[in-house]
>>> print(open('data29.pdb').read())   # PDB, C-alpha atoms
ATOM      1  CA  MET A   1       0.000   0.000   0.000
ATOM      2  CA  GLU A   2       1.433   3.346  -1.070
ATOM      3  CA  SER A   3      -0.258   6.245   0.686
ATOM      4  CA  THR A   4      -1.239   9.531  -0.894
ATOM      5  CA  PHE A   5       1.323  11.282   1.280
ATOM      6  CA  GLU A   6       4.165   9.021   0.144
ATOM      7  CA  LYS A   7       3.213   9.327  -3.514
ATOM      8  CA  ARG A   8       2.993  13.110  -3.654
ATOM      9  CA  CYS A   9       4.360  14.785  -0.532
ATOM     10  CA  GLN A  10       7.267  12.782   0.839
ATOM     11  CA  ASN A  11       9.821  15.348  -0.383
ATOM     12  CA  VAL A  12       7.643  18.434   0.136
ATOM     13  CA  GLU A  13       8.601  20.573   3.137
ATOM     14  CA  PRO A  14       5.859  21.265   5.722
ATOM     15  CA  PRO A  15       4.930  24.818   6.731
ATOM     16  CA  ASN A  16       7.307  26.295   9.319
ATOM     17  CA  GLU A  17       4.430  27.234  11.617
ATOM     18  CA  LEU A  18       3.287  23.591  11.679
ATOM     19  CA  SER A  19       6.761  22.380  12.657
ATOM     20  CA  PHE A  20       7.073  24.895  15.497
ATOM     21  CA  MET A  21       3.523  24.201  16.699
ATOM     22  CA  THR A  22       4.198  20.448  16.820
ATOM     23  CA  ALA A  23       7.440  21.092  18.714
ATOM     24  CA  SER A  24       5.643  23.324  21.243
ATOM     25  CA  ILE A  25       2.819  20.861  21.906
ATOM     26  CA  SER A  26       5.302  17.991  22.214
ATOM     27  CA  THR A  27       7.125  20.052  24.866
ATOM     28  CA  VAL A  28       3.910  20.449  26.872
ATOM     29  CA  PHE A  29       3.248  16.709  26.673
ATOM     30  CA  MET A  30       6.817  16.003  27.811
ATOM     31  CA  VAL A  31       6.482  18.296  30.839
ATOM     32  CA  THR A  32       3.280  16.563  31.988
ATOM     33  CA  ASN A  33       4.414  13.052  31.052
ATOM     34  CA  ILE A  34       7.729  12.636  32.862
ATOM     35  CA  PRO A  35       6.872  13.799  36.421
ATOM     36  CA  GLY A  36       3.503  12.021  36.448
ATOM     37  CA  ASN A  37       4.850   8.638  35.400
ATOM     38  CA  ILE A  38       7.809   8.886  37.778
ATOM     39  CA  LEU A  39       5.356   9.532  40.619
ATOM     40  CA  ILE A  40       3.308   6.438  39.717
ATOM     41  CA  PHE A  41       6.442   4.296  39.699
ATOM     42  CA  LEU A  42       7.680   5.613  43.055
ATOM     43  CA  ALA A  43       4.244   5.366  44.677
ATOM     44  CA  VAL A  44       3.888   1.652  43.881
ATOM     45  CA  VAL A  45       7.529   0.616  44.406
ATOM     46  CA  LEU A  46       7.981   2.494  47.701
ATOM     47  CA  ASP A  47       4.304   2.061  48.696
ATOM     48  CA  PRO A  48       4.377   4.391  51.743
ATOM     49  CA  ASN A  49       0.847   3.399  52.837
ATOM     50  CA  LYS A  50       1.318  -0.331  52.168
ATOM     51  CA  ASN A  51      -1.784  -0.607  50.010
ATOM     52  CA  LEU A  52      -0.648  -0.124  46.393
ATOM     53  CA  ARG A  53       1.271  -3.319  45.645
ATOM     54  CA  ILE A  54      -1.602  -5.162  44.019
ATOM     55  CA  PRO A  55      -1.525  -6.890  40.590
ATOM     56  CA  PHE A  56      -3.553  -4.139  38.911
ATOM     57  CA  ASN A  57      -1.129  -1.427  40.037
ATOM     58  CA  TRP A  58       1.938  -3.384  38.896
ATOM     59  CA  LEU A  59       0.367  -3.443  35.451
ATOM     60  CA  ILE A  60      -0.299   0.289  35.807
ATOM     61  CA  VAL A  61       3.436   0.714  36.520
ATOM     62  CA  ASN A  62       4.161  -1.178  33.305
ATOM     63  CA  LEU A  63       1.800   1.128  31.421
ATOM     64  CA  SER A  64       3.588   4.104  32.997
ATOM     65  CA  ALA A  65       6.945   2.691  31.856
ATOM     66  CA  ALA A  66       5.660   2.613  28.271
ATOM     67  CA  ASP A  67       4.361   6.168  28.616
ATOM     68  CA  PHE A  68       7.655   7.214  30.225
ATOM     69  CA  ILE A  69       9.587   6.060  27.134
ATOM     70  CA  VAL A  70       7.440   8.430  25.105
ATOM     71  CA  GLY A  71       8.266  11.214  27.568
ATOM     72  CA  ILE A  72      12.037  10.761  27.656
ATOM     73  CA  ILE A  73      12.724   9.635  24.057
ATOM     74  CA  THR A  74       9.899  10.217  21.584
ATOM     75  CA  GLU A  75       8.732  13.643  22.727
ATOM     76  CA  PRO A  76      12.189  15.255  23.231
ATOM     77  CA  LEU A  77      13.320  13.958  19.843
ATOM     78  CA  SER A  78      10.056  15.154  18.333
ATOM     79  CA  VAL A  79      10.737  18.638  19.720
ATOM     80  CA  TYR A  80      14.305  18.572  18.375
ATOM     81  CA  TYR A  81      13.285  17.201  14.968
ATOM     82  CA  HIS A  82      10.442  19.636  14.388
ATOM     83  CA  ILE A  83      12.528  22.627  15.455
ATOM     84  CA  LYS A  84      15.164  21.552  12.924
ATOM     85  CA  GLU A  85      12.406  21.031  10.372
ATOM     86  CA  GLY A  86      11.091  24.543  11.045
ATOM     87  CA  LEU A  87      14.590  25.887  10.482
ATOM     88  CA  ASP A  88      14.724  24.091   7.102
ATOM     89  CA  SER A  89      17.135  21.423   8.299
ATOM     90  CA  GLN A  90      16.570  17.694   7.822
ATOM     91  CA  GLY A  91      17.273  14.945  10.331
ATOM     92  CA  SER A  92      16.650  11.454   8.931
ATOM     93  CA  GLU A  93      18.377   9.669  11.831
ATOM     94  CA  GLU A  94      16.214  11.419  14.424
ATOM     95  CA  ILE A  95      12.989  10.555  12.643
ATOM     96  CA  ILE A  96      13.865   6.837  12.580
ATOM     97  CA  VAL A  97      14.527   6.839  16.342
ATOM     98  CA  ILE A  98      11.305   8.801  16.931
ATOM     99  CA  HIS A  99       9.284   6.313  14.913
ATOM    100  CA  MET A 100      10.794   3.235  16.603
ATOM    101  CA  ALA A 101      10.436   4.634  20.138
ATOM    102  CA  TYR A 102       6.881   5.698  19.298
ATOM    103  CA  PHE A 103       5.863   2.282  17.975
ATOM    104  CA  ILE A 104       7.600   0.330  20.770
ATOM    105  CA  SER A 105       6.041   2.414  23.539
ATOM    106  CA  CYS A 106       2.588   2.522  21.955
ATOM    107  CA  THR A 107       2.643  -1.247  21.371
ATOM    108  CA  ALA A 108       3.584  -1.765  25.024
ATOM    109  CA  SER A 109       0.765   0.603  26.058
ATOM    110  CA  ILE A 110      -1.854  -1.297  24.066
ATOM    111  CA  PHE A 111      -0.727  -4.681  25.403
ATOM    112  CA  SER A 112      -0.556  -3.290  28.948
ATOM    113  CA  LEU A 113      -4.130  -2.046  28.656
ATOM    114  CA  THR A 114      -5.175  -5.422  27.272
ATOM    115  CA  SER A 115      -3.564  -7.194  30.237
ATOM    116  CA  LEU A 116      -5.303  -4.749  32.585
ATOM    117  CA  ALA A 117      -8.623  -5.601  30.945
ATOM    118  CA  VAL A 118      -7.962  -9.323  31.505
ATOM    119  CA  GLU A 119      -7.053  -8.591  35.127
ATOM    120  CA  ARG A 120     -10.317  -6.684  35.613
ATOM    121  CA  TYR A 121     -12.261  -9.551  34.041
ATOM    122  CA  LEU A 122     -10.749 -12.061  36.457
ATOM    123  CA  ALA A 123     -11.199  -9.734  39.452
ATOM    124  CA  VAL A 124     -14.880  -9.076  38.717
ATOM    125  CA  ARG A 125     -16.114 -12.285  37.139
ATOM    126  CA  LYS A 126     -14.031 -14.802  39.096
ATOM    127  CA  PRO A 127     -13.339 -13.217  42.494
ATOM    128  CA  ASN A 128     -13.045 -16.580  44.286
ATOM    129  CA  THR A 129     -10.147 -17.790  42.108
ATOM    130  CA  TYR A 130      -8.692 -14.352  41.293
ATOM    131  CA  ARG A 131      -5.871 -14.387  43.871
ATOM    132  CA  ASN A 132      -4.784 -17.867  42.824
ATOM    133  CA  LYS A 133      -4.709 -17.018  39.122
ATOM    134  CA  VAL A 134      -3.283 -13.478  39.272
ATOM    135  CA  THR A 135      -0.019 -13.939  41.159
ATOM    136  CA  ASN A 136       3.095 -11.748  41.183
ATOM    137  CA  GLN A 137       4.955 -14.385  39.161
ATOM    138  CA  ARG A 138       2.314 -14.366  36.435
ATOM    139  CA  ILE A 139       2.240 -10.580  36.418
ATOM    140  CA  LEU A 140       6.030 -10.582  35.916
ATOM    141  CA  VAL A 141       5.755 -13.097  33.057
ATOM    142  CA  THR A 142       3.029 -10.945  31.495
ATOM    143  CA  ILE A 143       5.183  -7.804  31.708
ATOM    144  CA  VAL A 144       8.228  -9.559  30.201
ATOM    145  CA  THR A 145       6.068 -10.942  27.369
ATOM    146  CA  ILE A 146       4.622  -7.498  26.654
ATOM    147  CA  TRP A 147       8.086  -5.980  26.246
ATOM    148  CA  LEU A 148       9.418  -8.859  24.141
ATOM    149  CA  ILE A 149       6.523  -8.410  21.716
ATOM    150  CA  SER A 150       6.813  -4.607  21.824
ATOM    151  CA  LEU A 151      10.533  -4.681  21.042
ATOM    152  CA  SER A 152      10.151  -7.131  18.142
ATOM    153  CA  LEU A 153       6.845  -6.330  16.426
ATOM    154  CA  PRO A 154       7.630  -2.689  15.448
ATOM    155  CA  ASN A 155      10.592  -3.896  13.375
ATOM    156  CA  ILE A 156       8.011  -4.464  10.611
ATOM    157  CA  TYR A 157       8.194  -0.660  10.256
ATOM    158  CA  PHE A 158      11.553  -1.013   8.478
ATOM    159  CA  SER A 159       9.900  -3.156   5.791
ATOM    160  CA  VAL A 160       6.645  -1.290   5.180
ATOM    161  CA  GLY A 161       7.455   2.312   6.170
ATOM    162  CA  PHE A 162       5.977   4.691   8.732
ATOM    163  CA  THR A 163       2.667   5.586   7.075
ATOM    164  CA  GLU A 164       1.572   2.030   6.320
ATOM    165  CA  TYR A 165       2.614   0.673   9.705
ATOM    166  CA  ALA A 166       0.981   3.629  11.481
ATOM    167  CA  PHE A 167      -2.209   2.959   9.500
ATOM    168  CA  ILE A 168      -2.290  -0.693  10.561
ATOM    169  CA  PHE A 169      -1.328   0.116  14.150
ATOM    170  CA  ALA A 170      -3.921   2.893  14.533
ATOM    171  CA  ASN A 171      -6.737   0.686  13.250
ATOM    172  CA  THR A 172      -5.706  -2.223  15.458
ATOM    173  CA  SER A 173      -5.398   0.028  18.516
ATOM    174  CA  LEU A 174      -8.817   1.574  17.932
ATOM    175  CA  PHE A 175     -10.418  -1.847  17.498
ATOM    176  CA  VAL A 176      -8.802  -3.148  20.702
ATOM    177  CA  ALA A 177      -9.840  -0.008  22.606
ATOM    178  CA  VAL A 178     -13.495  -0.323  21.559
ATOM    179  CA  ILE A 179     -13.601  -4.026  22.485
ATOM    180  CA  MET A 180     -12.024  -3.376  25.895
ATOM    181  CA  ILE A 181     -14.360  -0.448  26.633
ATOM    182  CA  CYS A 182     -17.431  -2.551  25.831
ATOM    183  CA  LEU A 183     -16.158  -5.445  27.953
ATOM    184  CA  THR A 184     -15.219  -3.213  30.894
ATOM    185  CA  TYR A 185     -18.539  -1.365  30.777
ATOM    186  CA  ALA A 186     -20.406  -4.682  30.814
ATOM    187  CA  LEU A 187     -18.355  -5.813  33.798
ATOM    188  CA  MET A 188     -19.072  -2.547  35.607
ATOM    189  CA  LYS A 189     -22.821  -2.930  35.118
ATOM    190  CA  ARG A 190     -22.672  -6.471  36.465
ATOM    191  CA  LYS A 191     -20.552  -5.355  39.403
ATOM    192  CA  LEU A 192     -22.939  -2.563  40.305
ATOM    193  CA  ARG A 193     -25.855  -4.985  40.246
ATOM    194  CA  CYS A 194     -23.958  -7.358  42.545
ATOM    195  CA  ARG A 195     -23.087  -4.468  44.856
ATOM    196  CA  ASP A 196     -26.716  -3.382  45.120
ATOM    197  CA  SER A 197     -27.742  -6.969  45.826
ATOM    198  CA  THR A 198     -25.095  -7.306  48.546
ATOM    199  CA  LYS A 199     -26.169  -4.004  50.064
ATOM    200  CA  GLU A 200     -29.755  -5.258  50.330
ATOM    201  CA  ASN A 201     -28.556  -8.442  52.032
ATOM    202  CA  TYR A 202     -26.398  -6.399  54.370
ATOM    203  CA  GLU A 203     -29.358  -4.212  55.388
ATOM    204  CA  MET A 204     -31.367  -7.352  56.215
ATOM    205  CA  SER A 205     -28.570  -9.014  58.179
ATOM    206  CA  PRO A 206     -28.762  -7.376  61.674
ATOM    207  CA  ASN A 207     -31.430  -9.869  62.731
ATOM    208  CA  GLU A 208     -29.192 -12.741  61.674
ATOM    209  CA  GLY A 209     -26.306 -11.980  64.047
ATOM    210  CA  GLN A 210     -23.141  -9.931  64.224
ATOM    211  CA  SER A 211     -20.997 -12.456  62.285
ATOM    212  CA  SER A 212     -23.279 -12.237  59.253
ATOM    213  CA  VAL A 213     -23.056  -8.454  59.385
ATOM    214  CA  SER A 214     -19.253  -8.583  59.402
ATOM    215  CA  VAL A 215     -19.094 -10.944  56.432
ATOM    216  CA  ASN A 216     -21.487  -8.845  54.386
ATOM    217  CA  CYS A 217     -19.654  -5.668  55.353
ATOM    218  CA  MET A 218     -16.334  -7.084  54.141
ATOM    219  CA  VAL A 219     -17.895  -8.218  50.867
ATOM    220  CA  THR A 220     -19.386  -4.785  50.353
ATOM    221  CA  LYS A 221     -16.055  -3.000  50.927
ATOM    222  CA  LYS A 222     -14.285  -5.350  48.547
ATOM    223  CA  GLN A 223     -16.937  -4.850  45.899
ATOM    224  CA  LEU A 224     -16.757  -1.087  46.312
ATOM    225  CA  LEU A 225     -12.973  -1.143  45.816
ATOM    226  CA  GLU A 226     -13.128  -3.385  42.740
ATOM    227  CA  ALA A 227     -15.945  -1.298  41.255
ATOM    228  CA  LYS A 228     -13.974   1.918  41.770
ATOM    229  CA  ILE A 229     -10.820   0.456  40.218
ATOM    230  CA  THR A 230     -12.840  -0.800  37.250
ATOM    231  CA  GLU A 231     -14.505   2.602  36.877
ATOM    232  CA  MET A 232     -11.129   4.381  36.792
ATOM    233  CA  PHE A 233      -9.815   1.837  34.295
ATOM    234  CA  LEU A 234     -12.820   2.560  32.092
ATOM    235  CA  ILE A 235     -11.825   6.241  32.118
ATOM    236  CA  VAL A 236      -8.300   5.280  31.002
ATOM    237  CA  LEU A 237      -9.827   3.307  28.115
ATOM    238  CA  ILE A 238     -12.099   6.196  27.140
ATOM    239  CA  ALA A 239      -9.029   8.475  27.112
ATOM    240  CA  LEU A 240      -7.345   5.964  24.797
ATOM    241  CA  LEU A 241     -10.362   6.037  22.484
ATOM    242  CA  CYS A 242     -10.475   9.854  22.523
ATOM    243  CA  CYS A 243      -6.801   9.992  21.521
ATOM    244  CA  TYR A 244      -6.595   7.121  19.046
ATOM    245  CA  GLY A 245      -9.982   7.860  17.456
ATOM    246  CA  PRO A 246      -8.933  11.239  15.958
ATOM    247  CA  SER A 247      -5.444   9.815  15.332
ATOM    248  CA  THR A 248      -6.951   7.033  13.229
ATOM    249  CA  VAL A 249      -9.115   9.486  11.281
ATOM    250  CA  MET A 250      -5.995  11.552  10.503
ATOM    251  CA  ILE A 251      -4.024   8.532   9.285
ATOM    252  CA  TYR A 252      -6.918   7.588   6.982
ATOM    253  CA  LEU A 253      -6.775  11.066   5.480
ATOM    254  CA  VAL A 254      -2.986  10.866   5.109
ATOM    255  CA  ASN A 255      -3.348   7.587   3.234
ATOM    256  CA  PHE A 256      -6.402   8.170   1.076
ATOM    257  CA  CYS A 257      -7.179  11.884   0.648
ATOM    258  CA  GLU A 258      -6.376  12.349  -3.043
ATOM    259  CA  ASP A 259      -7.779  15.893  -3.192
ATOM    260  CA  CYS A 260      -5.783  17.196  -0.210
ATOM    261  CA  SER A 261      -2.797  19.435  -0.767
ATOM    262  CA  CYS A 262       0.622  18.460   0.579
ATOM    263  CA  THR A 263       0.351  21.186   3.212
ATOM    264  CA  THR A 264      -2.943  19.727   4.427
ATOM    265  CA  LEU A 265      -1.497  16.206   4.480
ATOM    266  CA  HIS A 266       1.446  17.431   6.568
ATOM    267  CA  TRP A 267      -1.053  18.896   9.045
ATOM    268  CA  PHE A 268      -2.968  15.610   9.167
ATOM    269  CA  ARG A 269       0.231  13.616   9.737
ATOM    270  CA  ASP A 270       1.425  15.813  12.605
ATOM    271  CA  ILE A 271      -2.019  15.873  14.236
ATOM    272  CA  HIS A 272      -2.092  12.076  14.010
ATOM    273  CA  ILE A 273       1.225  11.898  15.883
ATOM    274  CA  LEU A 274       0.233  14.510  18.489
ATOM    275  CA  PHE A 275      -2.981  12.697  19.408
ATOM    276  CA  ALA A 276      -1.034   9.459  19.863
ATOM    277  CA  LEU A 277       1.571  11.221  22.033
ATOM    278  CA  MET A 278      -1.149  12.873  24.084
ATOM    279  CA  ASN A 279      -2.425   9.517  25.317
ATOM    280  CA  SER A 280       0.862   8.884  27.121
ATOM    281  CA  SER A 281       0.520  12.199  28.967
ATOM    282  CA  VAL A 282      -3.081  11.865  30.165
ATOM    283  CA  ASN A 283      -3.052   8.402  31.784
ATOM    284  CA  PHE A 284      -1.563   9.852  34.984
ATOM    285  CA  PHE A 285      -4.495  12.263  35.303
ATOM    286  CA  CYS A 286      -7.086   9.650  34.322
ATOM    287  CA  TYR A 287      -6.062   7.071  36.908
ATOM    288  CA  ALA A 288      -3.463   8.039  39.514
ATOM    289  CA  LEU A 289      -4.860  11.460  40.410
ATOM    290  CA  ARG A 290      -8.372  10.013  40.646
ATOM    291  CA  SER A 291      -7.275   7.342  43.138
ATOM    292  CA  SER A 292      -7.342   8.347  46.800
ATOM    293  CA  ARG A 293      -4.687   5.721  47.540
ATOM    294  CA  PHE A 294      -2.319   7.155  44.947
ATOM    295  CA  ARG A 295      -2.986  10.728  46.080
ATOM    296  CA  SER A 296      -2.219   9.781  49.681
ATOM    297  CA  ALA A 297       0.990   8.055  48.555
ATOM    298  CA  PHE A 298       2.039  11.135  46.561
ATOM    299  CA  VAL A 299       1.555  13.353  49.628
ATOM    300  CA  LYS A 300       3.692  11.034  51.762
ATOM    301  CA  LEU A 301       6.390  10.879  49.097
ATOM    302  CA  PHE A 302       6.612  14.676  49.013
ATOM    303  CA  ARG A 303       6.786  14.816  52.817
ATOM    304  CA  MET A 304       9.579  12.227  52.846
ATOM    305  CA  ASN A 305      11.638  14.466  50.557
ATOM    306  CA  TYR A 306      11.323  17.515  52.778
TER     307      TYR A 306
END
>>> encode(input="data29.pdb", output="structure tokens")
Amino acid sequence: MESTFEKRCQNVEPPNELSFMTASISTVFMVTNIPGNILIFLAVVLDPNKNLRIPFNWLIVNLSAADFIVGIITEPLSVYYHIKEGLDSQGSEEIIVIHMAYFISCTASIFSLTSLAVERYLAVRKPNTYRNKVTNQRILVTIVTIWLISLSLPNIYFSVGFTEYAFIFANTSLFVAVIMICLTYALMKRKLRCRDSTKENYEMSPNEGQSSVSVNCMVTKKQLLEAKITEMFLIVLIALLCCYGPSTVMIYLVNFCEDCSCTTLHWFRDIHILFALMNSSVNFFCYALRSSRFRSAFVKLFRMNY
């Protein structure tokens, strides 16, 4: 597949204002990305409140690691490349590194989100066997597998080129995101129904003795925690859809818009990249800042440093 951009605009320079705009936005993403993902890593590894080292959060750390690669490699190089581009200077070596870091980190992000969706499925649908199936050893194997695939799969880029691989990747990512959102939403609805049912049983239990009350109370707290985690994960998935949805539309236009000028196609290509980069900068706000446990851990971490 040879895209419209590659056929007509590969050697056409983009507008200077587009290059500088892309560099500026990439700088903003970098500033929000790096501190946020470092905080997530420190909060779970140090775990000042002793309540964050759960399988779901280790997978969140893995997602943060993928986002962190975007923050320390892809986005700084993007800033450097686009500033050079705006100054009418080419940098072919930088663009190859940008593309590879981008595809590796985004692949790891998608697989991390997929593993998180599986974890949520097991936690909600099979709570009795969840702790036996989701162990630290299996989480470690999952993380290693994710990175082995993420480091090998993007090498296809060298054979097919950026535009074609980005087209395939964007469509696959969007499809996976929609499937995971539908699955997670269905699980949430089921969980809320179970929670309401447990609450009714709990309200009827005082006449059945204190032990029954305690059991129902513990079940209710556990269900509330799992429901809240699943709800926050759903927000992360919606953020993924909001970023990769427009990104996919842009890559379709880059590939198939025959009537678009080269200037317009350059705009579409940069917007496609910016939306993909944005996803790595918003996960911290979608999950960690919404979690009271993470917020409490962040406060303690700051106090430890002063």
>>> residues_around(input="data29.pdb", residues="Leu274 in chain A", least_positions_apart="6", cutoff="10 Å", atoms="all atoms listed in the file", output="number ranges by chain")
A: 22-23, 25-26, 29, 75, 78, 243, 247, 268
>>> atom_distance(input="data29.pdb", atom1="CA of Phe56 in chain A", atom2="CA of Ser105 in chain A")
19.3 Å
>>> atom_distance(input="data29.pdb", atom1="CA of Glu119 in chain A", atom2="CA of Val236 in chain A")
14.5 Å
>>> residues_around(input="data29.pdb", residues="Cys257 in chain A", least_positions_apart="6", cutoff="10 Å", atoms="all atoms listed in the file", output="tab-separated table (two decimals) with C-alpha atoms, in the frame of the given file")
chain	number	residue	atom	x	y	z
A	3	SER	CA	-0.26	6.24	0.69
A	4	THR	CA	-1.24	9.53	-0.89
A	5	PHE	CA	1.32	11.28	1.28
A	250	MET	CA	-6.00	11.55	10.50
A	251	ILE	CA	-4.02	8.53	9.28
A	264	THR	CA	-2.94	19.73	4.43
A	265	LEU	CA	-1.50	16.21	4.48
>>> atom_distance(input="data29.pdb", atom1="CA of Arg8 in chain A", atom2="CA of Phe20 in chain A")
22.9 Å
>>> closest_residue(input="data29.pdb", among="A:Ser89, A:Thr230, A:Asn49, A:Ser109", to="Ser280 in chain A", atoms="all atoms listed in the file")
A:Ser109
>>> residues_around(input="data29.pdb", residues="range 15-17 of chain A", least_positions_apart="3", cutoff="10 Å", atoms="all atoms listed in the file", output="NGL selection string")
:A and (12 or 20-23 or 82-88 or 262-264 or 266-267)
>>> closest_residue(input="data29.pdb", among="A:Leu174, A:Leu224, A:Cys286, A:Met278", to="Val249 in chain A", atoms="only C-alpha atoms")
A:Leu174
>>> closest_residue(input="data29.pdb", among="A:Ser112, A:Ser281, A:Asn255, A:Ser296", to="Tyr165 in chain A", atoms="only C-alpha atoms")
A:Asn255
>>> closest_residue(input="data29.pdb", among="A:Ile229, A:Ala239, A:Met100, A:Met304", to="Leu52 in chain A", atoms="all atoms listed in the file")
A:Ile229
>>> residues_around(input="data29.pdb", residues="Leu113 in chain A", least_positions_apart="4", cutoff="10 Å", atoms="all atoms listed in the file", output="PDB file with C-alpha atoms, keeping the file's coordinate frame")
ATOM      1  CA  LEU A  59       0.367  -3.443  35.451  1.00  0.00           C
ATOM      2  CA  ILE A  60      -0.299   0.289  35.807  1.00  0.00           C
ATOM      3  CA  ASN A  62       4.161  -1.178  33.305  1.00  0.00           C
ATOM      4  CA  LEU A  63       1.800   1.128  31.421  1.00  0.00           C
ATOM      5  CA  THR A 107       2.643  -1.247  21.371  1.00  0.00           C
ATOM      6  CA  ALA A 108       3.584  -1.765  25.024  1.00  0.00           C
ATOM      7  CA  SER A 109       0.765   0.603  26.058  1.00  0.00           C
ATOM      8  CA  ALA A 117      -8.623  -5.601  30.945  1.00  0.00           C
ATOM      9  CA  VAL A 118      -7.962  -9.323  31.505  1.00  0.00           C
ATOM     10  CA  GLU A 119      -7.053  -8.591  35.127  1.00  0.00           C
ATOM     11  CA  VAL A 176      -8.802  -3.148  20.702  1.00  0.00           C
ATOM     12  CA  ALA A 177      -9.840  -0.008  22.606  1.00  0.00           C
ATOM     13  CA  MET A 180     -12.024  -3.376  25.895  1.00  0.00           C
ATOM     14  CA  PHE A 233      -9.815   1.837  34.295  1.00  0.00           C
ATOM     15  CA  VAL A 236      -8.300   5.280  31.002  1.00  0.00           C
ATOM     16  CA  LEU A 237      -9.827   3.307  28.115  1.00  0.00           C
ATOM     17  CA  LEU A 240      -7.345   5.964  24.797  1.00  0.00           C
TER      18      LEU A 240
END
>>> residues_around(input="data29.pdb", residues="Pro154 in chain A", least_positions_apart="6", cutoff="12 Å", atoms="all atoms listed in the file", output="PDB file with C-alpha atoms, keeping the file's coordinate frame")
ATOM      1  CA  ILE A  96      13.865   6.837  12.580  1.00  0.00           C
ATOM      2  CA  VAL A  97      14.527   6.839  16.342  1.00  0.00           C
ATOM      3  CA  HIS A  99       9.284   6.313  14.913  1.00  0.00           C
ATOM      4  CA  MET A 100      10.794   3.235  16.603  1.00  0.00           C
ATOM      5  CA  ALA A 101      10.436   4.634  20.138  1.00  0.00           C
ATOM      6  CA  TYR A 102       6.881   5.698  19.298  1.00  0.00           C
ATOM      7  CA  PHE A 103       5.863   2.282  17.975  1.00  0.00           C
ATOM      8  CA  ILE A 104       7.600   0.330  20.770  1.00  0.00           C
ATOM      9  CA  SER A 105       6.041   2.414  23.539  1.00  0.00           C
ATOM     10  CA  CYS A 106       2.588   2.522  21.955  1.00  0.00           C
ATOM     11  CA  THR A 107       2.643  -1.247  21.371  1.00  0.00           C
ATOM     12  CA  ALA A 108       3.584  -1.765  25.024  1.00  0.00           C
ATOM     13  CA  TRP A 147       8.086  -5.980  26.246  1.00  0.00           C
ATOM     14  CA  LEU A 148       9.418  -8.859  24.141  1.00  0.00           C
ATOM     15  CA  VAL A 160       6.645  -1.290   5.180  1.00  0.00           C
ATOM     16  CA  GLY A 161       7.455   2.312   6.170  1.00  0.00           C
ATOM     17  CA  PHE A 162       5.977   4.691   8.732  1.00  0.00           C
ATOM     18  CA  GLU A 164       1.572   2.030   6.320  1.00  0.00           C
ATOM     19  CA  TYR A 165       2.614   0.673   9.705  1.00  0.00           C
ATOM     20  CA  ALA A 166       0.981   3.629  11.481  1.00  0.00           C
ATOM     21  CA  ILE A 168      -2.290  -0.693  10.561  1.00  0.00           C
ATOM     22  CA  PHE A 169      -1.328   0.116  14.150  1.00  0.00           C
TER      23      PHE A 169
END
>>> closest_residue(input="data29.pdb", among="A:Ile271, A:Ala43, A:Ile181, A:Ala276", to="Val254 in chain A", atoms="all atoms listed in the file")
A:Ile271
>>> closest_residue(input="data29.pdb", among="A:Ile72, A:Trp58, A:Leu122, A:Asp47", to="Val31 in chain A", atoms="only C-alpha atoms")
A:Ile72
>>> resolve_selection(input="data29.pdb", expression="the PyMOL selection byres ((chain A and resi 35-37) around 9)", output="compact mmCIF listing (two decimals) with C-alpha atoms, in the frame of the given file")
# COMPACT_ATOMS: atom_id res chain seq x y z
CA MET A 30 6.82 16.00 27.81
CA VAL A 31 6.48 18.30 30.84
CA THR A 32 3.28 16.56 31.99
CA ASN A 33 4.41 13.05 31.05
CA ILE A 34 7.73 12.64 32.86
CA ILE A 38 7.81 8.89 37.78
CA LEU A 39 5.36 9.53 40.62
CA ILE A 40 3.31 6.44 39.72
CA PHE A 41 6.44 4.30 39.70
CA LEU A 42 7.68 5.61 43.06
CA VAL A 61 3.44 0.71 36.52
CA SER A 64 3.59 4.10 33.00
CA ALA A 65 6.94 2.69 31.86
CA ASP A 67 4.36 6.17 28.62
CA PHE A 68 7.66 7.21 30.22
CA GLY A 71 8.27 11.21 27.57
CA SER A 281 0.52 12.20 28.97
CA ASN A 283 -3.05 8.40 31.78
CA PHE A 284 -1.56 9.85 34.98
CA PHE A 285 -4.50 12.26 35.30
CA ALA A 288 -3.46 8.04 39.51
>>> resolve_selection(input="data29.pdb", expression="the PyMOL selection byres ((chain A and resi 123) around 12)", output="PyMOL selection string")
chain A and resi 54-56+116-122+124-134+184+187-188+191+222-223+225-227+229-230
>>> decode(input="data29.pdb", residues="range 182-186 of chain A", atoms="N, CA, C and O atoms", output="JSON list (two decimals), in the first residue's frame")
[["chain", "number", "residue", "atom", "x", "y", "z"],
["A", 182, "CYS", "N", -16.15, -1.84, 25.76],
["A", 182, "CYS", "CA", -17.43, -2.55, 25.83],
["A", 182, "CYS", "C", -17.40, -3.63, 26.91],
["A", 182, "CYS", "O", -18.34, -3.77, 27.70],
["A", 183, "LEU", "N", -16.29, -4.38, 26.96],
["A", 183, "LEU", "CA", -16.16, -5.45, 27.95],
["A", 183, "LEU", "C", -16.13, -4.86, 29.36],
["A", 183, "LEU", "O", -16.83, -5.35, 30.26],
["A", 184, "THR", "N", -15.34, -3.80, 29.57],
["A", 184, "THR", "CA", -15.22, -3.21, 30.89],
["A", 184, "THR", "C", -16.54, -2.60, 31.34],
["A", 184, "THR", "O", -16.93, -2.70, 32.52],
["A", 185, "TYR", "N", -17.24, -1.96, 30.42],
["A", 185, "TYR", "CA", -18.54, -1.36, 30.78],
["A", 185, "TYR", "C", -19.53, -2.45, 31.19],
["A", 185, "TYR", "O", -20.28, -2.30, 32.17],
["A", 186, "ALA", "N", -19.52, -3.58, 30.46],
["A", 186, "ALA", "CA", -20.41, -4.68, 30.81],
["A", 186, "ALA", "C", -20.06, -5.23, 32.19],
["A", 186, "ALA", "O", -20.96, -5.54, 33.00]]
